[in-house]
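**Student:** As input, take coords_17.cif (mmCIF, C-alpha atoms and all ligand atoms):
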data_target
loop_
_atom_site.group_PDB
_atom_site.id
_atom_site.type_symbol
_atom_site.label_atom_id
_atom_site.label_comp_id
_atom_site.auth_asym_id
_atom_site.auth_seq_id
_atom_site.Cartn_x
_atom_site.Cartn_y
_atom_site.Cartn_z
ATOM 1 C CA MET A 3 -1.367 -26.199 15.222
ATOM 2 C CA PRO A 4 -1.358 -23.880 12.160
ATOM 3 C CA VAL A 5 1.605 -21.492 11.824
ATOM 4 C CA LEU A 6 -0.815 -18.521 11.921
ATOM 5 C CA THR A 7 -4.312 -18.073 13.312
ATOM 6 C CA LEU A 8 -6.672 -15.101 13.446
ATOM 7 C CA SER A 9 -7.151 -13.778 16.968
ATOM 8 C CA ASP A 10 -9.094 -10.796 18.297
ATOM 9 C CA HIS A 11 -5.836 -8.791 18.049
ATOM 10 C CA GLY A 12 -5.189 -9.862 14.443
ATOM 11 C CA LEU A 13 -2.994 -12.438 12.721
ATOM 12 C CA TYR A 14 -1.147 -14.467 15.392
ATOM 13 C CA CYS A 15 1.711 -16.965 15.339
ATOM 14 C CA PRO A 16 1.236 -19.136 18.462
ATOM 15 C CA ALA A 17 4.634 -20.876 18.249
ATOM 16 C CA ALA A 18 6.587 -17.585 18.208
ATOM 17 C CA ASP A 19 3.972 -15.726 20.298
ATOM 18 C CA LEU A 20 3.841 -12.735 17.958
ATOM 19 C CA TYR A 21 1.344 -10.894 15.818
ATOM 20 C CA ILE A 22 1.500 -9.514 12.278
ATOM 21 C CA ASP A 23 0.084 -5.958 11.879
ATOM 22 C CA PRO A 24 -2.024 -6.339 15.060
ATOM 23 C CA TRP A 25 -5.070 -4.134 15.616
ATOM 24 C CA ARG A 26 -4.341 -3.584 19.308
ATOM 25 C CA PRO A 27 -1.136 -3.057 21.311
ATOM 26 C CA VAL A 28 0.750 -6.334 21.851
ATOM 27 C CA ASP A 29 4.120 -7.478 23.182
ATOM 28 C CA LYS A 30 5.680 -8.608 19.865
ATOM 29 C CA ALA A 31 4.529 -7.382 16.439
ATOM 30 C CA ILE A 32 5.840 -7.762 12.911
ATOM 31 C CA ILE A 33 4.810 -4.628 10.984
ATOM 32 C CA THR A 34 4.605 -5.146 7.210
ATOM 33 C CA HIS A 35 4.625 -1.418 6.351
ATOM 34 C CA ALA A 36 4.017 2.070 7.712
ATOM 35 C CA HIS A 37 0.427 2.699 6.516
ATOM 36 C CA ALA A 38 -1.847 3.467 9.465
ATOM 37 C CA ASP A 39 -4.096 0.417 9.011
ATOM 38 C CA HIS A 40 -1.061 -1.850 9.430
ATOM 39 C CA ALA A 41 1.256 0.119 11.748
ATOM 40 C CA ARG A 42 -0.587 0.911 14.944
ATOM 41 C CA PRO A 43 1.113 2.436 17.974
ATOM 42 C CA GLY A 44 1.669 0.902 21.398
ATOM 43 C CA HIS A 45 3.509 -2.375 20.721
ATOM 44 C CA GLN A 46 6.390 -3.296 23.066
ATOM 45 C CA HIS A 47 8.675 -4.830 20.467
ATOM 46 C CA ILE A 48 8.519 -4.362 16.702
ATOM 47 C CA LEU A 49 10.073 -6.349 13.892
ATOM 48 C CA ALA A 50 10.099 -4.487 10.553
ATOM 49 C CA SER A 51 12.232 -3.955 7.467
ATOM 50 C CA GLN A 52 15.213 -1.637 7.655
ATOM 51 C CA GLU A 53 13.708 0.532 4.889
ATOM 52 C CA SER A 54 10.452 1.060 6.764
ATOM 53 C CA TRP A 55 12.086 1.828 10.109
ATOM 54 C CA PRO A 56 12.411 5.645 9.652
ATOM 55 C CA LEU A 57 8.787 5.810 8.438
ATOM 56 C CA LEU A 58 7.624 3.811 11.477
ATOM 57 C CA GLN A 59 9.623 6.050 13.798
ATOM 58 C CA HIS A 60 7.990 9.092 12.246
ATOM 59 C CA ARG A 61 4.475 7.647 12.453
ATOM 60 C CA LEU A 62 4.618 5.777 15.778
ATOM 61 C CA GLY A 63 7.030 7.937 17.758
ATOM 62 C CA SER A 64 9.619 6.007 19.749
ATOM 63 C CA THR A 65 10.005 2.539 18.304
ATOM 64 C CA THR A 66 11.803 -0.318 20.013
ATOM 65 C CA GLY A 67 12.590 -3.553 18.293
ATOM 66 C CA GLN A 68 14.610 -4.939 15.453
ATOM 67 C CA ALA A 69 15.014 -3.889 11.831
ATOM 68 C CA LEU A 70 15.696 -6.695 9.349
ATOM 69 C CA ARG A 71 17.232 -6.520 5.898
ATOM 70 C CA TYR A 72 15.124 -8.106 3.179
ATOM 71 C CA GLY A 73 15.858 -11.830 3.132
ATOM 72 C CA GLU A 74 17.682 -11.812 6.498
ATOM 73 C CA GLY A 75 16.371 -14.629 8.690
ATOM 74 C CA ILE A 76 15.926 -14.792 12.462
ATOM 75 C CA SER A 77 14.560 -17.562 14.671
ATOM 76 C CA ILE A 78 12.046 -16.964 17.435
ATOM 77 C CA GLN A 79 11.107 -20.020 19.520
ATOM 78 C CA GLY A 80 11.743 -22.379 16.613
ATOM 79 C CA VAL A 81 9.998 -20.241 13.982
ATOM 80 C CA ARG A 82 12.241 -19.029 11.155
ATOM 81 C CA ILE A 83 11.137 -15.519 10.158
ATOM 82 C CA SER A 84 12.243 -13.368 7.225
ATOM 83 C CA LEU A 85 10.915 -10.300 5.420
ATOM 84 C CA HIS A 86 10.734 -9.967 1.629
ATOM 85 C CA PRO A 87 9.907 -6.978 -0.586
ATOM 86 C CA ALA A 88 6.205 -6.423 -1.335
ATOM 87 C CA GLY A 89 6.556 -3.570 -3.888
ATOM 88 C CA HIS A 90 3.800 -1.565 -2.150
ATOM 89 C CA ILE A 91 5.595 1.453 -0.597
ATOM 90 C CA LEU A 92 9.100 2.151 0.738
ATOM 91 C CA GLY A 93 10.035 -0.648 3.139
ATOM 92 C CA SER A 94 6.878 -2.708 2.602
ATOM 93 C CA ALA A 95 7.456 -6.373 3.369
ATOM 94 C CA GLN A 96 5.940 -9.801 3.017
ATOM 95 C CA VAL A 97 6.464 -12.028 6.031
ATOM 96 C CA ARG A 98 7.731 -15.577 5.605
ATOM 97 C CA LEU A 99 7.331 -17.888 8.593
ATOM 98 C CA GLU A 100 8.647 -21.438 8.657
ATOM 99 C CA HIS A 101 7.801 -23.816 11.499
ATOM 100 C CA LYS A 102 8.458 -27.577 11.463
ATOM 101 C CA GLY A 103 8.832 -27.564 7.678
ATOM 102 C CA GLU A 104 5.579 -25.677 7.100
ATOM 103 C CA VAL A 105 5.982 -22.330 5.254
ATOM 104 C CA TRP A 106 3.446 -19.509 5.404
ATOM 105 C CA VAL A 107 3.839 -16.199 3.592
ATOM 106 C CA VAL A 108 1.778 -13.124 4.471
ATOM 107 C CA SER A 109 1.767 -10.647 1.598
ATOM 108 C CA GLY A 110 0.825 -7.490 3.514
ATOM 109 C CA ASP A 111 -0.227 -4.928 0.885
ATOM 110 C CA TYR A 112 1.547 -5.507 -2.433
ATOM 111 C CA LYS A 113 1.670 -4.655 -6.114
ATOM 112 C CA ARG A 114 3.414 -6.058 -9.191
ATOM 113 C CA GLN A 115 3.682 -2.866 -11.293
ATOM 114 C CA SER A 116 7.031 -1.125 -11.622
ATOM 115 C CA ASP A 117 7.635 1.526 -8.960
ATOM 116 C CA PRO A 118 11.125 3.069 -8.635
ATOM 117 C CA THR A 119 10.324 4.322 -5.104
ATOM 118 C CA CYS A 120 10.454 0.855 -3.538
ATOM 119 C CA THR A 121 11.959 -2.606 -3.979
ATOM 120 C CA ALA A 122 9.991 -4.835 -6.373
ATOM 121 C CA PHE A 123 7.770 -7.677 -5.110
ATOM 122 C CA GLU A 124 9.597 -10.967 -4.641
ATOM 123 C CA VAL A 125 7.878 -14.297 -5.327
ATOM 124 C CA VAL A 126 8.401 -16.400 -2.186
ATOM 125 C CA HIS A 127 7.160 -19.974 -2.268
ATOM 126 C CA ALA A 128 4.855 -21.091 0.514
ATOM 127 C CA HIS A 129 2.517 -23.910 1.504
ATOM 128 C CA THR A 130 -0.004 -21.287 2.618
ATOM 129 C CA PHE A 131 -0.123 -17.798 1.104
ATOM 130 C CA ILE A 132 -2.178 -15.074 2.784
ATOM 131 C CA SER A 133 -2.912 -12.430 0.143
ATOM 132 C CA GLU A 134 -4.494 -9.019 0.417
ATOM 133 C CA VAL A 135 -7.425 -8.565 -1.979
ATOM 134 C CA THR A 136 -8.186 -4.823 -1.898
ATOM 135 C CA PHE A 137 -9.089 -4.792 -5.613
ATOM 136 C CA GLY A 138 -10.534 -8.281 -6.068
ATOM 137 C CA LEU A 139 -12.830 -7.714 -9.045
ATOM 138 C CA PRO A 140 -12.129 -8.273 -12.775
ATOM 139 C CA VAL A 141 -12.924 -4.589 -13.480
ATOM 140 C CA TYR A 142 -9.691 -3.542 -11.744
ATOM 141 C CA ARG A 143 -6.941 -3.576 -14.394
ATOM 142 C CA TRP A 144 -4.329 -0.863 -14.040
ATOM 143 C CA PRO A 145 -2.966 1.087 -17.005
ATOM 144 C CA GLU A 146 0.824 1.401 -17.337
ATOM 145 C CA PRO A 147 2.210 3.943 -14.826
ATOM 146 C CA SER A 148 3.968 5.817 -17.676
ATOM 147 C CA THR A 149 0.563 6.317 -19.350
ATOM 148 C CA VAL A 150 -0.916 7.688 -16.122
ATOM 149 C CA PHE A 151 2.021 10.065 -15.558
ATOM 150 C CA ALA A 152 1.574 11.338 -19.141
ATOM 151 C CA GLN A 153 -2.138 11.943 -18.408
ATOM 152 C CA ILE A 154 -1.245 13.875 -15.246
ATOM 153 C CA HIS A 155 1.302 15.964 -17.183
ATOM 154 C CA GLN A 156 -1.296 16.763 -19.863
ATOM 155 C CA TRP A 157 -3.894 17.802 -17.273
ATOM 156 C CA TRP A 158 -1.278 19.957 -15.495
ATOM 157 C CA ASP A 159 -0.390 21.636 -18.839
ATOM 158 C CA ASP A 160 -4.100 22.297 -19.519
ATOM 159 C CA CYS A 161 -4.530 23.781 -16.026
ATOM 160 C CA ALA A 162 -1.511 26.055 -16.563
ATOM 161 C CA GLU A 163 -2.945 27.289 -19.861
ATOM 162 C CA ARG A 164 -6.203 28.164 -18.096
ATOM 163 C CA GLY A 165 -4.304 29.905 -15.279
ATOM 164 C CA GLN A 166 -5.355 27.284 -12.728
ATOM 165 C CA ALA A 167 -3.450 25.533 -9.966
ATOM 166 C CA ALA A 168 -3.600 21.752 -10.432
ATOM 167 C CA VAL A 169 -4.356 20.304 -6.991
ATOM 168 C CA LEU A 170 -3.707 16.579 -7.153
ATOM 169 C CA CYS A 171 -4.988 14.568 -4.207
ATOM 170 C CA CYS A 172 -3.399 11.284 -3.201
ATOM 171 C CA TYR A 173 -2.362 9.361 -0.113
ATOM 172 C CA ALA A 174 0.446 11.094 1.743
ATOM 173 C CA LEU A 175 2.608 7.996 2.167
ATOM 174 C CA GLY A 176 3.654 6.069 -0.931
ATOM 175 C CA LYS A 177 1.425 7.569 -3.610
ATOM 176 C CA ALA A 178 2.644 11.162 -3.226
ATOM 177 C CA GLN A 179 6.282 10.057 -3.522
ATOM 178 C CA ARG A 180 5.495 7.769 -6.483
ATOM 179 C CA ILE A 181 3.874 10.711 -8.289
ATOM 180 C CA LEU A 182 6.823 12.982 -7.457
ATOM 181 C CA GLN A 183 9.107 10.339 -8.945
ATOM 182 C CA GLY A 184 6.917 10.250 -12.050
ATOM 183 C CA MET A 185 7.190 14.062 -12.334
ATOM 184 C CA LEU A 186 11.020 14.065 -12.522
ATOM 185 C CA GLY A 187 12.082 16.577 -15.156
ATOM 186 C CA ALA A 188 8.955 18.743 -14.821
ATOM 187 C CA GLU A 189 9.606 22.421 -15.521
ATOM 188 C CA ARG A 190 6.848 24.168 -13.573
ATOM 189 C CA PRO A 191 6.876 24.354 -9.756
ATOM 190 C CA ILE A 192 5.521 21.555 -7.562
ATOM 191 C CA TYR A 193 4.289 22.145 -3.999
ATOM 192 C CA LEU A 194 3.565 19.709 -1.189
ATOM 193 C CA HIS A 195 0.905 19.868 1.499
ATOM 194 C CA GLY A 196 2.477 19.889 5.001
ATOM 195 C CA ALA A 197 1.351 16.307 5.756
ATOM 196 C CA MET A 198 3.529 15.020 2.919
ATOM 197 C CA GLN A 199 6.784 16.850 3.620
ATOM 198 C CA PRO A 200 8.398 14.744 6.377
ATOM 199 C CA LEU A 201 7.440 11.494 4.623
ATOM 200 C CA THR A 202 8.885 12.733 1.336
ATOM 201 C CA GLN A 203 12.063 13.799 3.152
ATOM 202 C CA ILE A 204 12.450 10.229 4.510
ATOM 203 C CA TYR A 205 12.140 8.901 0.949
ATOM 204 C CA ARG A 206 14.824 11.338 -0.233
ATOM 205 C CA GLU A 207 17.138 10.323 2.626
ATOM 206 C CA SER A 208 16.600 6.688 1.569
ATOM 207 C CA GLY A 209 17.985 7.599 -1.859
ATOM 208 C CA VAL A 210 14.728 7.742 -3.847
ATOM 209 C CA GLN A 211 15.028 10.205 -6.758
ATOM 210 C CA MET A 212 12.004 12.499 -7.081
ATOM 211 C CA ALA A 213 11.106 15.877 -8.559
ATOM 212 C CA GLN A 214 11.885 18.840 -6.309
ATOM 213 C CA ALA A 215 8.889 20.123 -4.339
ATOM 214 C CA ALA A 216 8.541 23.046 -1.936
ATOM 215 C CA PRO A 217 6.059 23.550 0.914
ATOM 216 C CA VAL A 218 2.808 25.200 -0.206
ATOM 217 C CA PRO A 219 3.433 28.970 0.153
ATOM 218 C CA VAL A 220 1.385 31.209 2.399
ATOM 219 C CA LYS A 221 -1.867 32.706 1.176
ATOM 220 C CA GLY A 222 -1.515 35.461 -1.379
ATOM 221 C CA THR A 223 1.060 33.694 -3.583
ATOM 222 C CA ASP A 224 -0.025 33.138 -7.177
ATOM 223 C CA LEU A 225 -0.142 29.353 -7.631
ATOM 224 C CA SER A 226 -1.546 29.280 -11.163
ATOM 225 C CA GLY A 227 0.371 26.792 -13.300
ATOM 226 C CA ALA A 228 1.726 24.928 -10.276
ATOM 227 C CA LEU A 229 1.110 21.297 -9.356
ATOM 228 C CA VAL A 230 0.106 20.913 -5.714
ATOM 229 C CA LEU A 231 0.026 17.491 -4.028
ATOM 230 C CA ALA A 232 -2.365 17.208 -1.102
ATOM 231 C CA PRO A 233 -4.159 14.483 0.856
ATOM 232 C CA PRO A 234 -7.817 13.966 -0.199
ATOM 233 C CA SER A 235 -8.959 15.269 3.207
ATOM 234 C CA ALA A 236 -7.652 18.767 2.309
ATOM 235 C CA VAL A 237 -10.348 19.275 -0.341
ATOM 236 C CA GLY A 238 -13.352 21.126 1.016
ATOM 237 C CA THR A 239 -11.376 22.642 3.921
ATOM 238 C CA PRO A 240 -10.294 26.303 4.374
ATOM 239 C CA TRP A 241 -6.820 25.202 3.155
ATOM 240 C CA MET A 242 -8.255 25.236 -0.401
ATOM 241 C CA ARG A 243 -9.127 28.960 -0.183
ATOM 242 C CA ARG A 244 -5.557 29.942 -1.073
ATOM 243 C CA PHE A 245 -6.223 28.852 -4.671
ATOM 244 C CA ASN A 246 -8.092 31.415 -6.743
ATOM 245 C CA ARG A 247 -8.485 29.269 -9.816
ATOM 246 C CA VAL A 248 -8.111 25.556 -9.311
ATOM 247 C CA SER A 249 -8.738 22.172 -10.871
ATOM 248 C CA THR A 250 -8.755 19.106 -8.612
ATOM 249 C CA GLY A 251 -7.634 15.574 -9.408
ATOM 250 C CA PHE A 252 -7.483 12.325 -7.430
ATOM 251 C CA VAL A 253 -4.993 9.510 -7.978
ATOM 252 C CA SER A 254 -6.168 6.084 -6.796
ATOM 253 C CA GLY A 255 -7.073 2.608 -7.957
ATOM 254 C CA TRP A 256 -10.648 3.489 -6.971
ATOM 255 C CA MET A 257 -10.675 5.983 -9.877
ATOM 256 C CA GLN A 258 -11.076 2.986 -12.203
ATOM 257 C CA LEU A 259 -14.806 3.353 -11.503
ATOM 258 C CA ARG A 260 -15.982 6.673 -12.943
ATOM 259 C CA GLY A 261 -18.780 7.011 -10.391
ATOM 260 C CA ASN A 262 -16.197 7.279 -7.608
ATOM 261 C CA ARG A 263 -14.701 10.477 -9.103
ATOM 262 C CA ARG A 264 -18.101 12.105 -9.523
ATOM 263 C CA ARG A 265 -19.249 11.096 -6.047
ATOM 264 C CA ARG A 266 -16.121 12.510 -4.452
ATOM 265 C CA GLY A 267 -16.376 15.756 -6.419
ATOM 266 C CA PHE A 268 -13.004 15.745 -8.222
ATOM 267 C CA ASP A 269 -12.587 17.273 -11.695
ATOM 268 C CA ARG A 270 -10.278 14.460 -12.825
ATOM 269 C CA GLY A 271 -9.478 10.901 -11.748
ATOM 270 C CA PHE A 272 -6.202 9.086 -12.464
ATOM 271 C CA VAL A 273 -5.878 5.306 -12.080
ATOM 272 C CA LEU A 274 -2.668 4.525 -10.212
ATOM 273 C CA SER A 275 -2.652 2.047 -7.355
ATOM 274 C CA ASP A 276 -0.109 0.595 -4.951
ATOM 275 C CA HIS A 277 -2.132 -2.629 -4.726
ATOM 276 C CA ALA A 278 -2.328 -5.638 -7.041
ATOM 277 C CA ASP A 279 -5.090 -5.467 -9.644
ATOM 278 C CA TRP A 280 -7.182 -8.492 -10.671
ATOM 279 C CA PRO A 281 -4.656 -9.935 -13.175
ATOM 280 C CA ALA A 282 -1.780 -9.370 -10.712
ATOM 281 C CA LEU A 283 -3.622 -11.174 -7.894
ATOM 282 C CA ILE A 284 -4.125 -14.217 -10.146
ATOM 283 C CA GLN A 285 -0.571 -14.033 -11.518
ATOM 284 C CA THR A 286 0.867 -13.861 -8.004
ATOM 285 C CA ILE A 287 -1.078 -16.842 -6.673
ATOM 286 C CA GLU A 288 -0.113 -18.865 -9.752
ATOM 287 C CA GLU A 289 3.574 -17.952 -9.435
ATOM 288 C CA ILE A 290 3.730 -18.737 -5.717
ATOM 289 C CA ASN A 291 1.673 -21.873 -6.374
ATOM 290 C CA PRO A 292 0.748 -22.492 -2.726
ATOM 291 C CA GLN A 293 -1.232 -25.504 -1.521
ATOM 292 C CA ARG A 294 -3.700 -23.079 -0.005
ATOM 293 C CA THR A 295 -4.444 -19.360 -0.397
ATOM 294 C CA LEU A 296 -6.234 -17.277 2.223
ATOM 295 C CA LEU A 297 -7.600 -13.830 1.346
ATOM 296 C CA THR A 298 -7.792 -10.802 3.620
ATOM 297 C CA HIS A 299 -8.155 -6.994 3.443
ATOM 298 C CA GLY A 300 -11.083 -6.910 1.034
ATOM 299 C CA ASP A 301 -13.913 -8.879 -0.509
ATOM 300 C CA GLY A 302 -12.347 -11.999 -1.971
ATOM 301 C CA SER A 303 -15.558 -13.702 -3.073
ATOM 302 C CA ALA A 304 -15.088 -13.103 -6.832
ATOM 303 C CA LEU A 305 -11.436 -14.188 -6.741
ATOM 304 C CA THR A 306 -12.325 -17.230 -4.610
ATOM 305 C CA ARG A 307 -14.958 -18.327 -7.152
ATOM 306 C CA TRP A 308 -12.618 -17.780 -10.097
ATOM 307 C CA MET A 309 -9.629 -19.562 -8.537
ATOM 308 C CA ARG A 310 -11.732 -22.536 -7.332
ATOM 309 C CA GLU A 311 -12.825 -23.025 -10.935
ATOM 310 C CA GLN A 312 -9.112 -23.375 -11.709
ATOM 311 C CA GLY A 313 -8.861 -26.056 -9.027
ATOM 312 C CA ARG A 314 -7.204 -23.868 -6.387
ATOM 313 C CA ASP A 315 -7.721 -24.300 -2.636
ATOM 314 C CA ILE A 316 -8.637 -20.735 -1.643
ATOM 315 C CA ALA A 317 -10.814 -19.159 1.048
ATOM 316 C CA ALA A 318 -11.360 -15.981 3.028
ATOM 317 C CA LEU A 319 -9.057 -15.813 6.049
ATOM 318 C CA HIS A 320 -11.831 -14.828 8.471
ATOM 319 C CA GLN A 321 -13.981 -17.705 7.193
ATOM 320 C CA VAL A 322 -11.235 -20.220 7.939
ATOM 321 C CA ALA A 323 -10.613 -18.632 11.336
ATOM 322 C CA ARG A 324 -14.309 -18.789 12.209
ATOM 323 C CA ASN A 325 -14.515 -22.453 11.186
ATOM 324 C CA ALA A 326 -11.431 -23.229 13.236
ATOM 325 C CA GLN A 327 -13.048 -21.588 16.252
ATOM 326 C CA ASP A 328 -16.253 -23.547 15.654
ATOM 327 C CA ASP A 329 -14.218 -26.713 15.692
ATOM 328 C CA GLY A 330 -13.200 -25.720 19.188
HETATM 329 ZN ZN ZN B 401 -0.667 -0.134 2.619
#
What would the structure in this file look like if it were written as structure tokens?
Ligand SMILES: [Zn+2]

**Tutor:**
Amino acid sequence: MPVLTLSDHGLYCPAADLYIDPWRPVDKAIITHAHADHARPGHQHILASQESWPLLQHRLGSTTGQALRYGEGISIQGVRISLHPAGHILGSAQVRLEHKGEVWVVSGDYKRQSDPTCTAFEVVHAHTFISEVTFGLPVYRWPEPSTVFAQIHQWWDDCAERGQAAVLCCYALGKAQRILQGMLGAERPIYLHGAMQPLTQIYRESGVQMAQAAPVPVKGTDLSGALVLAPPSAVGTPWMRRFNRVSTGFVSGWMQLRGNRRRRGFDRGFVLSDHADWPALIQTIEEINPQRTLLTHGDGSALTRWMREQGRDIAALHQVARNAQDDG
């Protein structure tokens, strides 16, 4: 019996009878991190990292279960389980499961770039490594974060000179706090959309140093020269009417493709991602050096082709799961 299989509720460990980031409410769930596509509400008992616990409480409401320190091991029905930093957002974890000498590691979402807002990715050796592959094409190669923060600063300066507010859209959890960290030392005011305030407060309480930011003031306040962080969904809503003169930007790995910025109607795109880019995916698989790699959360066909040419055993997770089901 494999350590993990893919069930209709998500990734499942039969020996320990628990799921990892399940899609539907279950009895026992390991939650890799607090993003909504991984942390869904309704589970009876949650296992998650200590650092992600306050974020999960905020997002899921009352949370019962157990918080683990990174590297701390527990045993459930003969399966040794530990969580290890994934470098994705505050508290994000890889899951290591060991059963009868067989080690599987599930990456969750991860990145290899430096990010002072969370603990850096740890290479954990495994027989089978399940990797996310959100950006699994050779075109995705991230610039240095310091370069991107300098670009954002320059755009903000240009907006201020033109008397515009610089409204910078980004995901409310992880990216907004990473940008605020990158804006430490800024001299003009920074404002946060309401959706980002409690999450940013949790980061501050966890000891993450970031630039000061106030709630976006009521209508009628002059916001020219300010930097305003907002979720992408705020653009095109009445919320935007408070800005007389405005330039909009979007921070995401998807901004690597110029067409995405134009299609989404932003004035500027900045390439900063909390996921591994193409070189980091390859680097990570080579460093872990597993006997087998399974890819999930994205189209892994290009990476599968490339890694097979290097002699790697690699496949899409759902493909393996389907074959296993076919075998009965
Ligand atoms: Zn995520």

**Student:** Let me know the residues the PyMOL selection byres (((not hetatm)) within 10 of (chain B and resi 401)) catches in the file above, as a list in words.

**Tutor:** Thr34, His35, Ala36, His37, Ala38, Asp39, His40, Ala41, His90, Ile91, Ser94, Gly110, Asp111, Tyr112, Glu134, Thr136, Leu175, Gly176, Asp276 and His277 of chain A

**Student:** Expanded to explicit residues, what is the PyMOL selection byres (((chain A and resi 116) around 12) and not hetatm) for this file, as a list in words?

**Tutor:**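 Residues picked by the PyMOL selection byres (((chain A and resi 116) around 12) and not hetatm): Ala88, Gly89, His90, Ile91, Tyr112, Lys113, Arg114, Gln115, Asp117, Pro118, Thr119, Cys120, Thr121, Ala122, Phe123, Trp144, Pro145, Glu146, Pro147, Ser148, Arg180, Gln183, Gly184, Leu274, Ser275, Asp276, His277 and Ala278 of chain A.
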
**Student:** How would the residues just chosen look if you wrote them out with C-alpha atoms as a compact mmCIF listing (two decimals), in the frame of the given file?

**Tutor:**
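selection08.txt written:
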# COMPACT_ATOMS: atom_id res chain seq x y z
CA ALA A 88 6.20 -6.42 -1.34
CA GLY A 89 6.56 -3.57 -3.89
CA HIS A 90 3.80 -1.56 -2.15
CA ILE A 91 5.60 1.45 -0.60
CA TYR A 112 1.55 -5.51 -2.43
CA LYS A 113 1.67 -4.66 -6.11
CA ARG A 114 3.41 -6.06 -9.19
CA GLN A 115 3.68 -2.87 -11.29
CA ASP A 117 7.64 1.53 -8.96
CA PRO A 118 11.12 3.07 -8.64
CA THR A 119 10.32 4.32 -5.10
CA CYS A 120 10.45 0.86 -3.54
CA THR A 121 11.96 -2.61 -3.98
CA ALA A 122 9.99 -4.84 -6.37
CA PHE A 123 7.77 -7.68 -5.11
CA TRP A 144 -4.33 -0.86 -14.04
CA PRO A 145 -2.97 1.09 -17.00
CA GLU A 146 0.82 1.40 -17.34
CA PRO A 147 2.21 3.94 -14.83
CA SER A 148 3.97 5.82 -17.68
CA ARG A 180 5.50 7.77 -6.48
CA GLN A 183 9.11 10.34 -8.94
CA GLY A 184 6.92 10.25 -12.05
CA LEU A 274 -2.67 4.53 -10.21
CA SER A 275 -2.65 2.05 -7.36
CA ASP A 276 -0.11 0.60 -4.95
CA HIS A 277 -2.13 -2.63 -4.73
CA ALA A 278 -2.33 -5.64 -7.04

**Student:** Which residues would end up in the selection if the PyMOL selection byres (((chain A and resi 23-27) around 9) and not hetatm) were applied here, given that I need the answer as a PyMOL selection string?

**Tutor:** chain A and resi 10-14+21-22+28-35+39-46+110

**Student:** Which stretch 150-228 of chain A residues have any atom within 7 Å of an atom of stretch 240-259 of chain A, and for each, what is the nearest pair of atoms with distance in Å to one decimal, counting all atoms listed in the file, rows sorted by chain and number, as JSON lines?

**Tutor:**
{"residue": "A:Cys161", "atom": "CA", "partner": "A:Ser249", "partner_atom": "CA", "distance": 6.8}
{"residue": "A:Gly165", "atom": "CA", "partner": "A:Arg247", "partner_atom": "CA", "distance": 6.9}
{"residue": "A:Gln166", "atom": "CA", "partner": "A:Arg247", "partner_atom": "CA", "distance": 4.7}
{"residue": "A:Ala167", "atom": "CA", "partner": "A:Val248", "partner_atom": "CA", "distance": 4.7}
{"residue": "A:Ala168", "atom": "CA", "partner": "A:Ser249", "partner_atom": "CA", "distance": 5.2}
{"residue": "A:Val169", "atom": "CA", "partner": "A:Thr250", "partner_atom": "CA", "distance": 4.8}
{"residue": "A:Leu170", "atom": "CA", "partner": "A:Gly251", "partner_atom": "CA", "distance": 4.6}
{"residue": "A:Cys171", "atom": "CA", "partner": "A:Phe252", "partner_atom": "CA", "distance": 4.7}
{"residue": "A:Cys172", "atom": "CA", "partner": "A:Val253", "partner_atom": "CA", "distance": 5.3}
{"residue": "A:Lys221", "atom": "CA", "partner": "A:Arg244", "partner_atom": "CA", "distance": 5.1}
{"residue": "A:Gly222", "atom": "CA", "partner": "A:Arg244", "partner_atom": "CA", "distance": 6.8}
{"residue": "A:Leu225", "atom": "CA", "partner": "A:Phe245", "partner_atom": "CA", "distance": 6.8}

**Student:** Could you jot down the atom CA of A:Val218 to atom CA of A:Arg190 separation for me, Å, one decimal place?

**Tutor:** 14.0 Å

**Student:** List as an MDAnalysis selection string: which residues have an atom within 6 Å of (11.4, -1.9, 20.6), counting all atoms listed in the file?

**Tutor:** chainID A and resid 46:48 65:67

**Student:** Would you kindly return, as number ranges by chain, each protein, DNA or RNA residue with an atom no farther than 7 Å from any atom of stretch 299-316 of chain A, considering all atoms listed in the file and excluding same-chain residues fewer than 4 positions away?

**Tutor:** A: 134-136, 138-139, 293-295

**Student:** I'd like the interatomic distance between atom CA of A:Ala18 and atom CA of A:Val81, to a tenth of an Å.

**Tutor:** 6.0 Å

**Student:** Hey, can I get the axis-aligned box for stretch 74-80 of chain A? All listed atoms, 8 Å padding on each side, centre and edge lengths in Å to one decimal, as AutoDock Vina command-line options.

**Tutor:**
--center_x 14.4 --center_y -17.1 --center_z 13.0 --size_x 22.6 --size_y 26.6 --size_z 29.0

**Student:** Compare A:Gly271, A:Pro292, A:Gly73, A:Pro234 by their minimum atom-to-atom distance to A:Val107, counting all atoms listed in the file, and give me the closest one.

**Tutor:**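 Of A:Gly271, A:Pro292, A:Gly73, A:Pro234, the one nearest A:Val107, counting all atoms listed in the file, is A:Pro292.
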
**Student:** Can you tell me how far atom CA of A:His320 sits from atom CA of A:Val5, in Å to one decimal?

**Tutor:**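 Distance between the two atoms: 15.4 Å.
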
**Student:** Go through A:His60, A:His86, A:His101, A:Arg263 one by one, measure the shortest atom-to-atom distance of each to A:Ala17 using all atoms listed in the file, and give the residue with the smallest value.

**Tutor:**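 Answer, going by the shortest atom-to-atom distance: A:His101.
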
**Student:** Given the choices A:Leu201, A:Ala213, A:Ile192, A:Ile83, which gets closest to A:Ser226 if the distance is worked out from all atoms listed in the file?

**Tutor:**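 Counting all atoms listed in the file, the residue closest to A:Ser226 is A:Ile192.
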
**Student:** Just checking: using all atoms listed in the file, which residue out of A:Gly93, A:Pro87, A:Pro16, A:Pro4 ends up closest to A:Ile204?

**Tutor:**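 Among the listed residues, the smallest separation from A:Ile204 belongs to A:Gly93.
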
**Student:** Go through A:Pro219, A:Pro233, A:Gly63, A:Gly103 and flag the residue nearest A:Gly80, using only C-alpha atoms for the distances.

**Tutor:** A:Gly103
